[in-house]
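Containing compact mmCIF, C-alpha atoms: model.txt.
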```
# COMPACT_ATOMS: atom_id res chain seq x y z
CA MET A 1 -27.14 42.78 24.87
CA LEU A 2 -30.93 42.69 24.62
CA GLN A 3 -33.15 45.20 22.84
CA ARG A 4 -36.01 46.48 24.98
CA ALA A 5 -38.43 46.68 22.06
CA GLY A 6 -37.68 43.05 21.21
CA CYS A 7 -38.34 41.93 24.78
CA LEU A 8 -41.64 43.83 24.87
CA LYS A 9 -42.69 42.45 21.49
CA LEU A 10 -42.06 38.88 22.58
CA LEU A 11 -43.96 39.39 25.82
CA ALA A 12 -46.81 41.09 23.97
CA GLU A 13 -47.14 38.12 21.65
CA LYS A 14 -47.55 35.76 24.58
CA VAL A 15 -49.39 37.85 27.09
CA THR A 16 -53.08 37.24 27.75
CA ASP A 17 -55.78 39.40 29.23
CA GLU A 18 -55.11 37.70 32.54
CA VAL A 19 -51.96 39.76 32.86
CA VAL A 20 -51.68 43.23 34.36
CA VAL A 21 -48.75 45.43 33.39
CA CYS A 22 -47.25 48.09 35.66
CA THR A 23 -44.51 50.25 34.20
CA ILE A 24 -42.46 53.34 34.77
CA GLY A 25 -42.78 56.06 32.18
CA MET A 26 -40.14 55.05 29.69
CA LEU A 27 -41.87 52.91 27.12
CA GLY A 28 -43.52 55.58 25.03
CA SER A 29 -41.45 54.96 21.94
CA GLU A 30 -42.26 51.27 21.92
CA MET B 1 -50.45 51.07 34.14
CA PHE B 2 -48.30 54.05 33.27
CA ASP B 3 -46.45 55.36 36.29
CA SER B 4 -44.58 58.40 35.01
CA GLY B 5 -43.99 60.98 37.74
CA ALA B 6 -43.42 58.40 40.46
CA MET B 7 -40.04 57.04 39.44
CA GLY B 8 -39.02 54.10 41.57
CA LEU B 9 -42.49 53.10 42.65
CA ALA B 10 -43.46 50.72 39.85
CA SER B 11 -42.31 47.76 41.93
CA SER B 12 -44.26 48.88 44.99
CA LEU B 13 -47.39 49.60 42.96
CA GLY B 14 -47.00 46.26 41.22
CA LEU B 15 -46.72 44.52 44.57
CA GLY B 16 -49.95 46.14 45.71
CA MET B 17 -51.70 45.09 42.53
CA ALA B 18 -50.40 41.53 42.81
CA LEU B 19 -51.70 41.26 46.37
CA ALA B 20 -55.05 42.84 45.50
CA LEU B 21 -55.53 40.81 42.31
CA PRO B 22 -54.31 37.31 43.16
CA HIS B 23 -56.17 35.84 40.19
CA ARG B 24 -54.08 37.94 37.79
CA LYS B 25 -50.44 37.73 36.76
CA VAL B 26 -48.83 41.13 37.30
CA LEU B 27 -45.83 42.20 35.23
CA VAL B 28 -43.76 45.16 36.40
CA PHE B 29 -41.50 46.88 33.88
CA ASP B 30 -38.99 48.80 35.95
CA GLY B 31 -35.76 50.65 35.22
CA ASP B 32 -32.35 50.26 36.80
CA GLY B 33 -32.22 53.86 38.02
CA ALA B 34 -35.78 53.60 39.24
CA LEU B 35 -35.16 50.41 41.20
CA LEU B 36 -32.08 51.92 42.83
CA MET B 37 -34.33 54.74 44.06
CA ASN B 38 -36.56 52.22 45.81
CA LEU B 39 -34.29 49.27 46.48
CA GLY B 40 -36.07 48.49 49.72
CA SER B 41 -39.02 47.31 47.68
CA LEU B 42 -37.10 44.11 46.94
CA ALA B 43 -37.16 43.16 50.62
CA THR B 44 -40.84 44.05 50.93
CA ILE B 45 -41.72 42.07 47.81
CA ALA B 46 -39.72 39.09 49.08
CA GLN B 47 -41.46 39.26 52.45
CA GLN B 48 -44.91 39.34 50.84
CA ASN B 49 -43.84 36.74 48.24
CA PRO B 50 -46.77 37.05 45.81
CA ALA B 51 -46.77 34.08 43.44
CA ASN B 52 -48.32 36.15 40.66
CA LEU B 53 -45.70 38.91 40.43
CA VAL B 54 -42.98 39.14 37.78
CA HIS B 55 -40.61 42.06 38.26
CA LEU B 56 -38.60 42.86 35.12
CA VAL B 57 -35.91 45.55 35.25
CA PHE B 58 -34.55 47.10 32.08
CA GLN B 59 -30.88 47.67 32.90
CA ASN B 60 -29.77 50.26 30.35
CA GLY B 61 -27.52 52.44 32.49
CA VAL B 62 -29.45 55.67 32.01
CA TYR B 63 -32.42 57.54 33.44
CA GLU B 64 -34.19 57.31 30.12
CA SER B 65 -37.59 58.52 31.23
CA CYS B 66 -36.20 61.89 32.26
CA GLY B 67 -33.66 62.64 29.58
CA GLY B 68 -30.90 60.04 29.62
CA GLY B 69 -28.57 60.98 32.47
CA PRO B 70 -26.27 58.16 33.57
CA VAL B 71 -27.12 55.79 36.40
CA VAL B 72 -24.02 55.64 38.58
CA ASP B 73 -22.12 52.38 38.11
CA ALA B 74 -25.21 50.74 36.68
CA ALA B 75 -23.27 48.30 34.56
CA LYS B 76 -21.57 46.86 37.65
CA VAL B 77 -24.71 46.35 39.68
CA ASP B 78 -25.78 42.71 39.95
CA PHE B 79 -29.52 43.14 40.39
CA ALA B 80 -30.30 39.43 40.45
CA GLN B 81 -27.84 38.96 43.28
CA MET B 82 -29.47 41.86 45.12
CA ALA B 83 -32.93 40.39 44.63
CA ARG B 84 -31.75 36.98 45.73
CA ALA B 85 -30.13 38.47 48.82
CA ALA B 86 -33.45 40.17 49.60
CA GLY B 87 -35.13 36.78 49.48
CA ILE B 88 -36.41 36.45 45.91
CA GLU B 89 -35.03 33.05 45.03
CA ARG B 90 -36.07 33.01 41.38
CA SER B 91 -33.87 35.88 40.23
CA TYR B 92 -31.98 36.21 36.96
CA ASN B 93 -29.68 38.50 35.04
CA ILE B 94 -30.39 38.08 31.33
CA GLU B 95 -28.19 39.51 28.58
CA GLU B 96 -28.88 37.34 25.53
CA GLU B 97 -32.02 37.15 23.42
CA ASP B 98 -32.06 33.36 23.40
CA ASP B 99 -31.89 33.29 27.20
CA PHE B 100 -34.79 35.72 27.39
CA LYS B 101 -36.86 33.68 24.94
CA ALA B 102 -36.20 30.59 27.01
CA LYS B 103 -37.53 32.28 30.13
CA VAL B 104 -40.63 34.07 28.78
CA ASP B 105 -42.98 31.14 29.22
CA GLU B 106 -41.77 30.67 32.78
CA PHE B 107 -42.37 34.36 33.48
CA LEU B 108 -45.93 34.21 32.17
CA LYS B 109 -47.08 30.72 33.08
CA THR B 110 -45.17 29.39 36.08
CA PRO B 111 -46.51 30.47 39.45
CA GLY B 112 -43.96 31.99 41.79
CA LEU B 113 -42.41 35.34 42.54
CA THR B 114 -39.91 36.13 39.78
CA PHE B 115 -37.30 38.85 39.26
CA ALA B 116 -35.17 39.43 36.17
CA ALA B 117 -32.76 42.19 35.20
CA LEU B 118 -32.66 42.50 31.42
CA LYS B 119 -29.49 44.13 30.12
CA VAL B 120 -30.66 46.31 27.26
CA SER B 121 -29.23 49.09 25.13
CA PRO B 122 -30.49 52.62 25.78
CA ALA B 123 -32.95 53.85 23.18
CA GLU B 124 -31.33 55.54 20.18
CA ARG B 125 -33.53 58.56 20.62
CA ILE B 126 -34.09 59.44 24.25
CA GLN B 127 -37.13 61.54 24.91
CA ALA B 128 -38.36 62.40 28.35
CA THR B 129 -41.92 61.19 28.74
CA ALA B 130 -43.28 63.42 31.46
CA GLN B 131 -46.89 62.73 32.24
CA LYS B 132 -48.74 65.94 33.02
CA GLU B 133 -52.27 64.65 33.37
CA TYR B 134 -51.80 63.11 36.80
CA ILE B 135 -55.44 63.29 37.88
CA LYS B 136 -56.60 61.77 34.60
CA ASN B 137 -53.94 59.09 34.94
CA LYS B 138 -55.11 58.31 38.48
CA LEU B 139 -58.75 58.03 37.43
CA GLN B 140 -57.86 55.80 34.49
CA PHE B 141 -55.84 53.62 36.84
CA MET B 142 -58.72 53.33 39.31
CA GLU B 143 -61.10 52.41 36.50
CA PHE B 144 -58.63 49.86 35.17
CA VAL B 145 -58.20 48.21 38.58
CA GLN B 146 -61.96 47.96 38.96
CA GLN B 147 -62.19 46.26 35.57
CA VAL B 148 -59.39 43.74 36.11
CA GLY B 149 -60.54 43.07 39.65
CA LYS B 150 -63.72 41.39 38.43
```

Could you take the file, read its structure, and then write that structure out as structure tokens?
Amino acid sequence: MLQRAGCLKLLAEKVTDEVVVCTIGMLGSE
Amino acid sequence: MFDSGAMGLASSLGLGMALALPHRKVLVFDGDGALLMNLGSLATIAQQNPANLVHLVFQNGVYESCGGGPVVDAAKVDFAQMARAAGIERSYNIEEEDDFKAKVDEFLKTPGLTFAALKVSPAERIQATAQKEYIKNKLQFMEFVQQVGK
């Protein structure tokens, strides 16, 4: 089982300003 | 972009952004309950086939953004199979951290429409995150699109 915060952290480390993020409203705690 | 108040539409909004901003990679963070509310978006996304769109679905089995009610039979739903059947060939179900790490570079760097359902645990503390400043949110979104569109 994955942890959402871990997935987001890994993506955040690799993401660049070329990337646009579109999300539903469930990530406030992370 | 923060899309609270329009549950289910993150994928459709992300598709629009991907088509309007072809020079940008667009990541959509969706939920399992939300996607089931707008499942037809998979077929529309597949038909449009934007090479710059990555659609990630957090499959946690609950409607976390509005209090944590259960998503019916969420654990049994094979989202990757659904996406593939809709026409999104590069579709995955990912359950293990190592598998996710192995795919991140592909998500961010390899051109091509991509879908992945990420099986995650629900948050320990579920708190509804209702957005009440809809007009402000809309204006911020419009400003953001203008900035990234350059």

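Atom to atom, atom CA of Asp32 of chain B and atom CA of Gln59 of chain B stand 4.9 Å apart.
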
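Using all atoms listed in the file, the protein and nucleic acid residues lying no more than 9 Å from Leu9 of chain B, apart from those fewer than 4 places from it along its own chain, are Ile24 of chain A; Asp3, Leu13, Gly14, Asp30, Ala34, Leu35, Met37, Asn38 and Ser41 of chain B.
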
I need the chain B residues near chain A as a PDB file with C-alpha atoms, keeping the file's coordinate frame; criterion: at most 6 Å, counting all atoms listed in the file.
```pdb
ATOM      1  CA  MET B   1     -50.450  51.070  34.140  1.00  0.00           C
ATOM      2  CA  PHE B   2     -48.300  54.050  33.270  1.00  0.00           C
ATOM      3  CA  ASP B   3     -46.450  55.360  36.290  1.00  0.00           C
ATOM      4  CA  SER B   4     -44.580  58.400  35.010  1.00  0.00           C
ATOM      5  CA  ALA B  10     -43.460  50.720  39.850  1.00  0.00           C
ATOM      6  CA  GLY B  14     -47.000  46.260  41.220  1.00  0.00           C
ATOM      7  CA  ARG B  24     -54.080  37.940  37.790  1.00  0.00           C
ATOM      8  CA  LYS B  25     -50.440  37.730  36.760  1.00  0.00           C
ATOM      9  CA  VAL B  26     -48.830  41.130  37.300  1.00  0.00           C
ATOM     10  CA  LEU B  27     -45.830  42.200  35.230  1.00  0.00           C
ATOM     11  CA  VAL B  28     -43.760  45.160  36.400  1.00  0.00           C
ATOM     12  CA  PHE B  29     -41.500  46.880  33.880  1.00  0.00           C
ATOM     13  CA  ASP B  30     -38.990  48.800  35.950  1.00  0.00           C
ATOM     14  CA  SER B  65     -37.590  58.520  31.230  1.00  0.00           C
ATOM     15  CA  GLU B  95     -28.190  39.510  28.580  1.00  0.00           C
ATOM     16  CA  GLU B  96     -28.880  37.340  25.530  1.00  0.00           C
ATOM     17  CA  GLU B  97     -32.020  37.150  23.420  1.00  0.00           C
ATOM     18  CA  LYS B 119     -29.490  44.130  30.120  1.00  0.00           C
ATOM     19  CA  VAL B 120     -30.660  46.310  27.260  1.00  0.00           C
ATOM     20  CA  SER B 121     -29.230  49.090  25.130  1.00  0.00           C
TER      21      SER B 121
END
```

So that I can check the surroundings of segment 16-23 of chain B, please list as a PyMOL selection string every protein, DNA and RNA residue that reaches within 7 Å of it, counting only C-alpha atoms and ignoring chain neighbours fewer than 3 positions away.
chain B and resi 12-13+26+50+52-53+149

Got a sec: who's within 8 Å of Ala51 of chain B, counting all atoms listed in the file, leaving out chain neighbours fewer than 4 positions off, as a compact mmCIF listing (two decimals) with C-alpha atoms, in the coordinates of the input?
```txt
# COMPACT_ATOMS: atom_id res chain seq x y z
CA PRO B 111 -46.51 30.47 39.45
CA GLY B 112 -43.96 31.99 41.79
CA LEU B 113 -42.41 35.34 42.54
```

Kindly indicate which residue among B:Ala116, B:Gly8, B:Gln47, B:Tyr63 lies nearest to Gln81 of chain B, using all atoms listed in the file for the distances.
B:Ala116

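In this model, the gap between atom CA of Asp78 of chain B and atom CA of Leu36 of chain B comes to 11.5 Å.
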
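Here atom CA of Ala86 of chain B is placed at a distance of 4.9 Å from atom CA of Ala43 of chain B.
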
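Checking B:Val72, B:Cys66, B:Ala80, B:Gly61 one by one against Leu42 of chain B, counting all atoms listed in the file, you find the shortest gap at B:Ala80.
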
Among B:Ile135, B:Val145, B:Met7, B:Leu56, Phe115 of chain B is approached most closely, using all atoms listed in the file, by B:Leu56
